[in-house]
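What follows is query-v2.pdb (PDB, C-alpha atoms and all ligand atoms).
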ATOM      1  CA  MET A   1       0.000   0.000   0.000
ATOM      2  CA  ILE A   2       1.472   3.330  -1.094
ATOM      3  CA  ARG A   3       1.332   6.195   1.413
ATOM      4  CA  ALA A   4       0.446   9.515  -0.253
ATOM      5  CA  ARG A   5       3.138  12.133   0.285
ATOM      6  CA  LYS A   6       1.609  15.458   1.203
ATOM      7  CA  ARG A   7       4.675  17.478   0.245
ATOM      8  CA  PHE A   8       4.301  16.233  -3.338
ATOM      9  CA  GLY A   9       0.581  17.089  -3.400
ATOM     10  CA  GLN A  10      -0.365  13.450  -3.934
ATOM     11  CA  HIS A  11      -4.092  12.789  -4.388
ATOM     12  CA  PHE A  12      -4.525   9.736  -6.569
ATOM     13  CA  LEU A  13      -7.433   9.538  -9.010
ATOM     14  CA  GLU A  14     -10.006   6.899  -8.086
ATOM     15  CA  ALA A  15     -10.663   4.139 -10.655
ATOM     16  CA  ALA A  16     -14.321   5.222 -11.010
ATOM     17  CA  TRP A  17     -13.193   8.545 -12.538
ATOM     18  CA  ARG A  18     -10.345   7.290 -14.675
ATOM     19  CA  ASP A  19     -12.236   6.669 -17.928
ATOM     20  CA  ARG A  20     -13.952  10.064 -17.833
ATOM     21  CA  VAL A  21     -10.670  11.894 -17.248
ATOM     22  CA  VAL A  22      -8.862   9.942 -19.954
ATOM     23  CA  ALA A  23     -11.707  10.510 -22.458
ATOM     24  CA  ALA A  24     -11.599  14.244 -21.670
ATOM     25  CA  CYS A  25      -7.899  14.223 -22.629
ATOM     26  CA  THR A  26      -9.049  13.132 -26.155
ATOM     27  CA  PRO A  27      -6.040  10.852 -26.788
ATOM     28  CA  SER A  28      -5.188   9.775 -30.319
ATOM     29  CA  PRO A  29      -2.529   7.433 -31.792
ATOM     30  CA  GLU A  30      -0.721  10.397 -33.417
ATOM     31  CA  ASP A  31      -0.221  12.123 -30.065
ATOM     32  CA  GLN A  32       3.070  12.728 -28.345
ATOM     33  CA  THR A  33       2.001  13.344 -24.780
ATOM     34  CA  VAL A  34       3.866  14.719 -21.787
ATOM     35  CA  GLU A  35       2.306  13.740 -18.472
ATOM     36  CA  ILE A  36       3.172  15.768 -15.393
ATOM     37  CA  GLY A  37       3.012  13.725 -12.175
ATOM     38  CA  PRO A  38       1.963  10.213 -13.304
ATOM     39  CA  GLY A  39       1.956   8.940  -9.712
ATOM     40  CA  LEU A  40       0.671   5.362  -9.605
ATOM     41  CA  GLY A  41      -0.232   5.552 -13.302
ATOM     42  CA  ALA A  42      -4.017   6.083 -13.065
ATOM     43  CA  ILE A  43      -3.952   8.172 -16.243
ATOM     44  CA  THR A  44      -0.636   6.938 -17.639
ATOM     45  CA  LEU A  45      -1.659   3.308 -18.150
ATOM     46  CA  PRO A  46      -4.873   3.923 -20.144
ATOM     47  CA  LEU A  47      -3.235   6.817 -22.021
ATOM     48  CA  ALA A  48      -0.167   4.770 -22.948
ATOM     49  CA  ALA A  49      -2.381   2.366 -24.878
ATOM     50  CA  ARG A  50      -4.029   5.213 -26.816
ATOM     51  CA  VAL A  51      -1.238   7.643 -27.727
ATOM     52  CA  GLY A  52       1.887   7.327 -29.882
ATOM     53  CA  ARG A  53       4.536   8.218 -27.279
ATOM     54  CA  LEU A  54       4.406   9.370 -23.699
ATOM     55  CA  LEU A  55       6.932  11.157 -21.485
ATOM     56  CA  ALA A  56       5.999  10.860 -17.805
ATOM     57  CA  ILE A  57       7.722  13.298 -15.429
ATOM     58  CA  GLU A  58       7.502  12.252 -11.761
ATOM     59  CA  VAL A  59       9.382  13.810  -8.848
ATOM     60  CA  ASP A  60       8.722  10.974  -6.370
ATOM     61  CA  ARG A  61      11.544   8.459  -6.906
ATOM     62  CA  ASP A  62       9.599   5.498  -5.519
ATOM     63  CA  LEU A  63       6.584   6.102  -7.763
ATOM     64  CA  ALA A  64       8.789   6.819 -10.793
ATOM     65  CA  SER A  65      10.757   3.597 -10.369
ATOM     66  CA  THR A  66       7.577   1.531  -9.874
ATOM     67  CA  LEU A  67       6.168   2.990 -13.089
ATOM     68  CA  ALA A  68       9.449   2.556 -14.993
ATOM     69  CA  ALA A  69       9.608  -1.115 -13.870
ATOM     70  CA  ARG A  70       6.373  -1.786 -15.779
ATOM     71  CA  ALA A  71       8.382  -1.063 -18.969
ATOM     72  CA  LEU A  72       5.327   0.189 -20.850
ATOM     73  CA  PRO A  73       5.959   0.344 -24.596
ATOM     74  CA  HIS A  74       6.488   3.919 -25.915
ATOM     75  CA  VAL A  75       6.577   5.329 -22.365
ATOM     76  CA  THR A  76       9.641   7.169 -21.073
ATOM     77  CA  VAL A  77       9.692   7.836 -17.339
ATOM     78  CA  HIS A  78      11.780  10.787 -16.215
ATOM     79  CA  THR A  79      12.467  10.996 -12.490
ATOM     80  CA  GLY A  80      12.657  14.657 -11.625
ATOM     81  CA  ASP A  81      10.954  17.927 -10.817
ATOM     82  CA  VAL A  82       8.958  19.452 -13.688
ATOM     83  CA  LEU A  83       9.890  22.868 -12.291
ATOM     84  CA  ALA A  84      13.641  22.183 -12.376
ATOM     85  CA  ASP A  85      15.794  23.988 -14.930
ATOM     86  CA  ASP A  86      17.027  20.784 -16.558
ATOM     87  CA  ILE A  87      13.505  19.754 -17.584
ATOM     88  CA  ASP A  88      13.571  21.908 -20.729
ATOM     89  CA  GLY A  89      16.544  19.859 -21.977
ATOM     90  CA  VAL A  90      14.775  16.593 -21.088
ATOM     91  CA  LEU A  91      11.699  17.692 -23.067
ATOM     92  CA  ALA A  92      13.778  18.881 -26.047
ATOM     93  CA  GLY A  93      15.724  15.582 -26.111
ATOM     94  CA  TRP A  94      12.546  13.494 -25.974
ATOM     95  CA  LEU A  95      10.907  15.568 -28.726
ATOM     96  CA  ALA A  96      14.013  15.270 -30.922
ATOM     97  CA  ALA A  97      13.677  11.467 -30.821
ATOM     98  CA  GLY A  98      10.101  11.650 -32.149
ATOM     99  CA  ALA A  99       8.795  12.015 -35.680
ATOM    100  CA  THR A 100       7.027  15.349 -35.128
ATOM    101  CA  PRO A 101       7.542  18.468 -32.989
ATOM    102  CA  ARG A 102       3.829  18.463 -32.017
ATOM    103  CA  PHE A 103       3.068  17.545 -28.425
ATOM    104  CA  ARG A 104       0.274  17.724 -25.859
ATOM    105  CA  VAL A 105       0.402  17.916 -22.073
ATOM    106  CA  VAL A 106      -1.786  16.188 -19.491
ATOM    107  CA  GLY A 107      -1.609  16.029 -15.722
ATOM    108  CA  ASN A 108      -3.501  15.660 -12.496
ATOM    109  CA  LEU A 109      -1.364  18.419 -11.054
ATOM    110  CA  PRO A 110      -0.030  18.672  -7.503
ATOM    111  CA  TYR A 111      -2.166  21.570  -6.202
ATOM    112  CA  ASN A 112       0.596  22.995  -4.003
ATOM    113  CA  VAL A 113       2.585  23.977  -7.121
ATOM    114  CA  SER A 114      -0.119  24.274  -9.776
ATOM    115  CA  SER A 115       0.498  27.986 -10.495
ATOM    116  CA  PRO A 116       4.268  27.561 -11.041
ATOM    117  CA  ILE A 117       3.488  24.596 -13.328
ATOM    118  CA  LEU A 118       1.059  26.752 -15.350
ATOM    119  CA  PHE A 119       3.817  29.364 -15.715
ATOM    120  CA  ARG A 120       6.189  26.573 -16.807
ATOM    121  CA  LEU A 121       3.674  25.614 -19.516
ATOM    122  CA  ALA A 122       3.749  29.248 -20.692
ATOM    123  CA  ARG A 123       7.516  28.869 -21.039
ATOM    124  CA  TRP A 124       7.108  25.664 -23.067
ATOM    125  CA  HIS A 125       4.657  27.521 -25.290
ATOM    126  CA  ALA A 126       7.242  30.249 -25.915
ATOM    127  CA  ALA A 127      10.000  27.705 -26.645
ATOM    128  CA  HIS A 128       8.115  25.086 -28.691
ATOM    129  CA  ALA A 129       5.909  25.894 -31.674
ATOM    130  CA  GLY A 130       4.698  22.267 -31.552
ATOM    131  CA  PHE A 131       2.944  22.579 -28.172
ATOM    132  CA  THR A 132      -0.782  22.336 -29.003
ATOM    133  CA  ASP A 133      -2.738  21.983 -25.741
ATOM    134  CA  ALA A 134      -2.731  20.963 -22.102
ATOM    135  CA  THR A 135      -5.449  19.183 -20.134
ATOM    136  CA  VAL A 136      -4.805  19.663 -16.448
ATOM    137  CA  MET A 137      -6.549  18.900 -13.162
ATOM    138  CA  LEU A 138      -6.672  21.936 -10.921
ATOM    139  CA  GLN A 139      -8.426  22.957  -7.774
ATOM    140  CA  ALA A 140     -11.725  24.539  -8.820
ATOM    141  CA  GLU A 141     -10.661  27.900  -7.404
ATOM    142  CA  VAL A 142      -7.607  27.992  -9.728
ATOM    143  CA  ALA A 143      -9.812  26.977 -12.670
ATOM    144  CA  ASP A 144     -12.064  29.941 -11.760
ATOM    145  CA  ARG A 145      -9.031  32.247 -11.896
ATOM    146  CA  LEU A 146      -8.097  30.990 -15.373
ATOM    147  CA  ALA A 147     -11.574  31.723 -16.720
ATOM    148  CA  ALA A 148     -12.137  34.959 -14.743
ATOM    149  CA  ARG A 149     -13.524  38.112 -16.343
ATOM    150  CA  PRO A 150     -11.994  41.548 -15.678
ATOM    151  CA  GLY A 151     -13.466  43.323 -12.678
ATOM    152  CA  THR A 152     -13.904  40.145 -10.608
ATOM    153  CA  ARG A 153     -12.003  39.040  -7.492
ATOM    154  CA  GLU A 154     -10.616  35.979  -9.317
ATOM    155  CA  TYR A 155      -9.112  38.033 -12.156
ATOM    156  CA  GLY A 156      -5.365  38.357 -11.616
ATOM    157  CA  VAL A 157      -1.825  37.488 -12.678
ATOM    158  CA  LEU A 158      -2.655  33.867 -13.534
ATOM    159  CA  THR A 159      -5.654  34.933 -15.650
ATOM    160  CA  VAL A 160      -3.832  37.523 -17.729
ATOM    161  CA  LEU A 161      -0.544  35.670 -18.157
ATOM    162  CA  THR A 162      -2.335  32.465 -19.190
ATOM    163  CA  ALA A 163      -4.595  34.385 -21.601
ATOM    164  CA  LEU A 164      -1.367  35.478 -23.340
ATOM    165  CA  TRP A 165      -0.921  31.993 -24.730
ATOM    166  CA  ALA A 166      -4.051  29.892 -24.197
ATOM    167  CA  ASP A 167      -7.846  29.785 -24.088
ATOM    168  CA  ALA A 168      -9.085  27.962 -20.997
ATOM    169  CA  THR A 169     -12.195  25.739 -20.926
ATOM    170  CA  ARG A 170     -13.456  23.616 -18.012
ATOM    171  CA  VAL A 171     -14.110  20.134 -19.328
ATOM    172  CA  LEU A 172     -14.992  18.181 -16.156
ATOM    173  CA  GLU A 173     -15.903  18.923 -12.525
ATOM    174  CA  LEU A 174     -14.807  16.474  -9.823
ATOM    175  CA  PRO A 175     -15.783  16.195  -6.158
ATOM    176  CA  PRO A 176     -13.134  15.650  -3.445
ATOM    177  CA  GLY A 177     -14.116  11.944  -3.334
ATOM    178  CA  ALA A 178     -12.740  11.419  -6.854
ATOM    179  CA  PHE A 179      -9.267  11.252  -5.283
ATOM    180  CA  ARG A 180      -7.560   9.294  -2.525
ATOM    181  CA  PRO A 181      -6.796  10.811  -0.115
ATOM    182  CA  ALA A 182      -9.631  13.280  -0.794
ATOM    183  CA  PRO A 183      -8.412  16.879  -1.020
ATOM    184  CA  GLU A 184     -10.330  19.528   0.920
ATOM    185  CA  VAL A 185     -11.390  21.287  -2.270
ATOM    186  CA  ARG A 186     -13.375  20.574  -5.404
ATOM    187  CA  SER A 187     -11.438  20.024  -8.623
ATOM    188  CA  ALA A 188     -11.863  20.850 -12.288
ATOM    189  CA  LEU A 189     -10.217  19.466 -15.391
ATOM    190  CA  VAL A 190      -9.274  22.382 -17.648
ATOM    191  CA  ARG A 191      -8.255  22.329 -21.289
ATOM    192  CA  LEU A 192      -5.748  25.001 -22.271
ATOM    193  CA  GLU A 193      -5.840  25.387 -26.031
ATOM    194  CA  VAL A 194      -2.726  27.104 -27.329
ATOM    195  CA  ARG A 195      -3.537  30.255 -29.288
ATOM    196  CA  ARG A 196      -1.718  30.498 -32.582
ATOM    197  CA  PRO A 197      -1.201  33.145 -33.586
ATOM    198  CA  SER A 198      -1.222  34.672 -30.114
ATOM    199  CA  PRO A 199      -3.320  37.800 -29.647
ATOM    200  CA  ALA A 200      -1.469  40.798 -31.038
ATOM    201  CA  VAL A 201       0.899  41.156 -28.104
ATOM    202  CA  ALA A 202       4.191  42.588 -29.301
ATOM    203  CA  HIS A 203       5.990  42.575 -25.953
ATOM    204  CA  PRO A 204       4.890  39.607 -23.809
ATOM    205  CA  GLY A 205       7.910  40.003 -21.499
ATOM    206  CA  VAL A 206       6.906  43.586 -20.703
ATOM    207  CA  VAL A 207       3.264  42.527 -20.187
ATOM    208  CA  ASP A 208       4.557  39.930 -17.707
ATOM    209  CA  ARG A 209       6.477  42.540 -15.662
ATOM    210  CA  LEU A 210       3.658  45.084 -15.699
ATOM    211  CA  VAL A 211       0.999  42.544 -14.746
ATOM    212  CA  ARG A 212       3.032  41.054 -11.878
ATOM    213  CA  THR A 213       3.906  44.515 -10.566
ATOM    214  CA  ALA A 214       0.403  45.968 -10.875
ATOM    215  CA  PHE A 215      -1.326  42.978  -9.233
ATOM    216  CA  THR A 216       1.023  42.811  -6.243
ATOM    217  CA  GLN A 217      -0.683  46.074  -5.278
ATOM    218  CA  ARG A 218      -4.141  45.442  -6.652
ATOM    219  CA  ARG A 219      -5.786  47.952  -4.271
ATOM    220  CA  LYS A 220      -3.702  50.787  -5.774
ATOM    221  CA  THR A 221      -4.485  52.685  -8.943
ATOM    222  CA  LEU A 222      -2.323  51.807 -11.936
ATOM    223  CA  ALA A 223      -0.563  55.172 -11.750
ATOM    224  CA  ASN A 224       0.510  54.483  -8.160
ATOM    225  CA  GLY A 225       1.129  50.760  -8.487
ATOM    226  CA  LEU A 226       3.527  51.204 -11.409
ATOM    227  CA  LYS A 227       5.382  54.201  -9.930
ATOM    228  CA  ALA A 228       8.358  52.304  -8.495
ATOM    229  CA  LEU A 229       8.800  50.252 -11.689
ATOM    230  CA  GLY A 230       8.658  53.498 -13.687
ATOM    231  CA  THR A 231      11.437  54.988 -11.562
ATOM    232  CA  ALA A 232      13.544  51.835 -12.006
ATOM    233  CA  ASP A 233      13.007  51.823 -15.790
ATOM    234  CA  LYS A 234      13.281  55.653 -16.084
ATOM    235  CA  VAL A 235       9.780  55.753 -17.539
ATOM    236  CA  ASP A 236       7.255  58.572 -17.028
ATOM    237  CA  VAL A 237       4.270  56.440 -15.958
ATOM    238  CA  GLY A 238       1.674  59.184 -16.506
ATOM    239  CA  ARG A 239       2.858  59.732 -20.056
ATOM    240  CA  VAL A 240       2.912  56.013 -20.849
ATOM    241  CA  LEU A 241      -0.635  55.576 -19.514
ATOM    242  CA  ARG A 242      -1.844  58.487 -21.665
ATOM    243  CA  ALA A 243      -0.037  57.130 -24.740
ATOM    244  CA  ALA A 244      -1.732  53.755 -24.204
ATOM    245  CA  GLY A 245      -5.127  55.406 -23.706
ATOM    246  CA  VAL A 246      -5.467  53.875 -20.231
ATOM    247  CA  ASP A 247      -6.883  55.937 -17.357
ATOM    248  CA  GLY A 248      -4.276  55.840 -14.545
ATOM    249  CA  THR A 249      -6.953  55.967 -11.847
ATOM    250  CA  ARG A 250      -8.165  52.491 -12.833
ATOM    251  CA  ARG A 251      -7.215  49.428 -10.808
ATOM    252  CA  PRO A 252      -5.324  46.564 -12.468
ATOM    253  CA  GLU A 253      -8.187  44.067 -12.214
ATOM    254  CA  THR A 254     -10.285  46.195 -14.595
ATOM    255  CA  LEU A 255      -7.816  45.921 -17.503
ATOM    256  CA  HIS A 256      -8.307  43.465 -20.366
ATOM    257  CA  LEU A 257      -5.292  41.729 -21.901
ATOM    258  CA  VAL A 258      -5.400  44.069 -24.930
ATOM    259  CA  GLU A 259      -5.102  47.060 -22.599
ATOM    260  CA  PHE A 260      -2.136  45.528 -20.775
ATOM    261  CA  SER A 261      -0.661  44.882 -24.214
ATOM    262  CA  ALA A 262      -1.156  48.531 -25.296
ATOM    263  CA  LEU A 263       0.416  49.623 -22.023
ATOM    264  CA  ALA A 264       3.390  47.318 -22.626
ATOM    265  CA  ASP A 265       3.877  48.733 -26.137
ATOM    266  CA  ALA A 266       3.902  52.309 -24.790
ATOM    267  CA  TRP A 267       6.187  51.275 -21.906
ATOM    268  CA  GLN A 268       8.618  49.616 -24.301
ATOM    269  CA  ALA A 269       8.593  52.651 -26.612
ATOM    270  CA  ALA A 270       9.345  54.928 -23.627
ATOM    271  CA  THR A 271      12.287  52.798 -22.441
ATOM    272  CA  VAL A 272      14.024  52.775 -25.818
ATOM    273  CA  LEU A 273      13.684  56.554 -26.302
TER     274      LEU A 273
HETATM  275  N1  LIG A 301      -1.460  11.223 -11.967
HETATM  276  C1  LIG A 301      -1.702  10.559 -10.690
HETATM  277  C2  LIG A 301      -3.173  10.318 -10.512
HETATM  278  O1  LIG A 301      -3.964  10.988 -11.211
HETATM  279  O2  LIG A 301      -3.545   9.500  -9.663
HETATM  280  C3  LIG A 301      -1.106  11.362  -9.528
HETATM  281  C4  LIG A 301      -1.639  12.762  -9.362
HETATM  282  S1  LIG A 301      -1.113  13.574  -7.876
HETATM  283  C5  LIG A 301      -2.358  14.799  -7.685
HETATM  284  C6  LIG A 301       0.271  14.584  -8.398
HETATM  285  C7  LIG A 301       1.510  13.826  -8.831
HETATM  286  O3  LIG A 301       2.524  14.770  -9.190
HETATM  287  C8  LIG A 301       2.130  12.958  -7.750
HETATM  288  O4  LIG A 301       2.490  11.711  -8.293
HETATM  289  C9  LIG A 301       3.362  13.727  -7.306
HETATM  290  O5  LIG A 301       4.377  12.912  -6.773
HETATM  291  C10 LIG A 301       3.764  14.414  -8.594
HETATM  292  N2  LIG A 301       4.529  15.656  -8.409
HETATM  293  C11 LIG A 301       4.437  16.554  -7.398
HETATM  294  N3  LIG A 301       5.268  17.592  -7.593
HETATM  295  C12 LIG A 301       5.905  17.353  -8.772
HETATM  296  C13 LIG A 301       6.902  18.052  -9.504
HETATM  297  N4  LIG A 301       7.381  19.219  -9.066
HETATM  298  N5  LIG A 301       7.358  17.507 -10.649
HETATM  299  C14 LIG A 301       6.868  16.312 -11.100
HETATM  300  N6  LIG A 301       5.925  15.599 -10.439
HETATM  301  C15 LIG A 301       5.441  16.114  -9.299
END
Before we go any further, please render this structure as structure tokens.
Amino acid sequence: MIRARKRFGQHFLEAAWRDRVVAACTPSPEDQTVEIGPGLGAITLPLAARVGRLLAIEVDRDLASTLAARALPHVTVHTGDVLADDIDGVLAGWLAAGATPRFRVVGNLPYNVSSPILFRLARWHAAHAGFTDATVMLQAEVADRLAARPGTREYGVLTVLTALWADATRVLELPPGAFRPAPEVRSALVRLEVRRPSPAVAHPGVVDRLVRTAFTQRRKTLANGLKALGTADKVDVGRVLRAAGVDGTRRPETLHLVEFSALADAWQAATVL
């Protein structure tokens, strides 16, 4: 009997839910699939029989070696942390051995690090034109943040920075009892469909800095919240806001991605002057 390790966010999917989750991942024999956190293999085993190749990345050495010992055809088990720096090389090496650069991602994610993993997916999107979509299990509250509309409490850094590269859709709702041990929260399976071409965002790196800075002080107006960053970048914040057509008395949670993008363009133009 395997003991679930809390520090790795282990909540194993119950057999009764397996088929529904796997079907929602829409596997096909042409797929190259990267699974984050295969655990005991609840999703890995049925997926392995339905996709072309699978790379399973598992941080827990015991679980990874148990899975690797099954020697599933077309399945590569990598023992390591998906958030570690070396993972990009592991992914690139695995992709290079395949017949196509296209790949999909699936994972019943460890909830304690789900946001950093979503930001890691954004990095994969930037580095790999072949990344098509991700189907990930999240706590329902994080799924709400991904789908949040401007002006709501849930709208924030995760919403805007994910909208830069993907459209999020909830595909399945799961109660705590769908996992063992049961988490304290409800869960949702979310499909992140990569947007190509991305919305007309010329300076995603600048959007990233502005969004993170503005939302760390979400009670402040934009003019005030961006003041320190403006001083550091030698940018006149008032002028940049006017150039972007954004009222500086607004709060960050009221801005749509296109407005953050316009702000980033004006910010970038002001820094190169
Ligand atoms: N896929 C299995 C299932 O559905 O039953 C397990 C899901 S469990 C919620 C999350 C899995 O991710 C665990 O196996 C855990 O050990 C693994 N994990 C946690 N942190 C990780 C990380 N940083 N990198 C890779 N795997 C991780």
Using only C-alpha atoms, find each residue in region 128-195 of chain A having at least one atom no more than 10 Å away from region 200-222 of chain A; report its shortest atom-to-atom pair and that distance in Å (one decimal), rows by chain then rising number, as JSON lines.
{"residue": "A:Tyr155", "atom": "CA", "partner": "A:Phe215", "partner_atom": "CA", "distance": 9.7}
{"residue": "A:Gly156", "atom": "CA", "partner": "A:Phe215", "partner_atom": "CA", "distance": 6.6}
{"residue": "A:Val157", "atom": "CA", "partner": "A:Arg212", "partner_atom": "CA", "distance": 6.1}
{"residue": "A:Leu158", "atom": "CA", "partner": "A:Arg212", "partner_atom": "CA", "distance": 9.3}
{"residue": "A:Val160", "atom": "CA", "partner": "A:Val211", "partner_atom": "CA", "distance": 7.6}
{"residue": "A:Leu161", "atom": "CA", "partner": "A:Asp208", "partner_atom": "CA", "distance": 6.7}
{"residue": "A:Leu164", "atom": "CA", "partner": "A:Pro204", "partner_atom": "CA", "distance": 7.5}
{"residue": "A:Trp165", "atom": "CA", "partner": "A:Pro204", "partner_atom": "CA", "distance": 9.6}
Nearest-residue call for ligand LIG 301 (chain A), choices A:His128, A:Arg104, A:Arg120, A:His256, using all atoms listed in the file = A:Arg120
Residues selected by the PyMOL selection byres (((chain A and resi 16-21) around 12) and not hetatm), written as a PyMOL selection string = chain A and resi 12-15+22-27+41-47+106-108+135-137+171-180+187-191
Output the residue selection produced by the PyMOL selection byres (((chain A and resi 38) around 12) and not hetatm) on the file above, formatted as a PyMOL selection string.
-> chain A and resi 8+10-13+33-37+39-48+54-68+75-80+82+105-110
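Considering the residues A:Asp265, A:Asp167, A:Asp144, A:Asp81 and counting only C-alpha atoms and all ligand atoms, ligand LIG 301 (chain A) has its shortest atom-to-atom contact with A:Asp81.
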Extract, using only C-alpha atoms, all DNA, RNA and protein residues at most 7 Å from Gly9 (chain A), discarding same-chain residues fewer than 2 positions from it, and format them as a PyMOL selection string.
-> chain A and resi 5-7+11+110-112
How many Å separate CA of Gly238 (chain A) from CA of Glu253 (chain A)?
-> 18.6 Å
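Across the structure, CA of Pro101 (chain A) and CA of Gly130 (chain A) are spaced 5.0 Å apart.
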Please report, as AutoDock Vina command-line options, the centre and edge lengths in Å to one decimal of an axis-aligned box covering all listed atoms of ligand LIG 301 (chain A) with 3 Å per side.
--center_x 1.7 --center_y 14.4 --center_z -9.4 --size_x 17.3 --size_y 15.7 --size_z 11.2
In terms of the shortest atom-to-atom distance over all atoms listed in the file, which of A:Ala92, A:Pro116, A:Thr169, A:Ser28 is closest to ligand LIG 301 (chain A)?
-> A:Pro116
If you count all atoms listed in the file, the residue of A:Ala147, A:Leu83, A:Leu192, A:Ala168 closest to ligand LIG 301 (chain A) turns out to be A:Leu83
Two-atom distance - CA of Arg250 (chain A), CA of Ala163 (chain A) (Å) | 20.4 Å
Name all residues at most 10 Å from Val240 (chain A) (count all atoms listed in the file; drop same-chain ones fewer than 5 positions away) and give them as a list in words.
-> Ala223, Gly230, Val235, Gly245, Val246, Gly248, Ala262, Leu263, Ala264, Asp265, Ala266, Trp267, Gln268, Ala269 and Ala270 of chain A
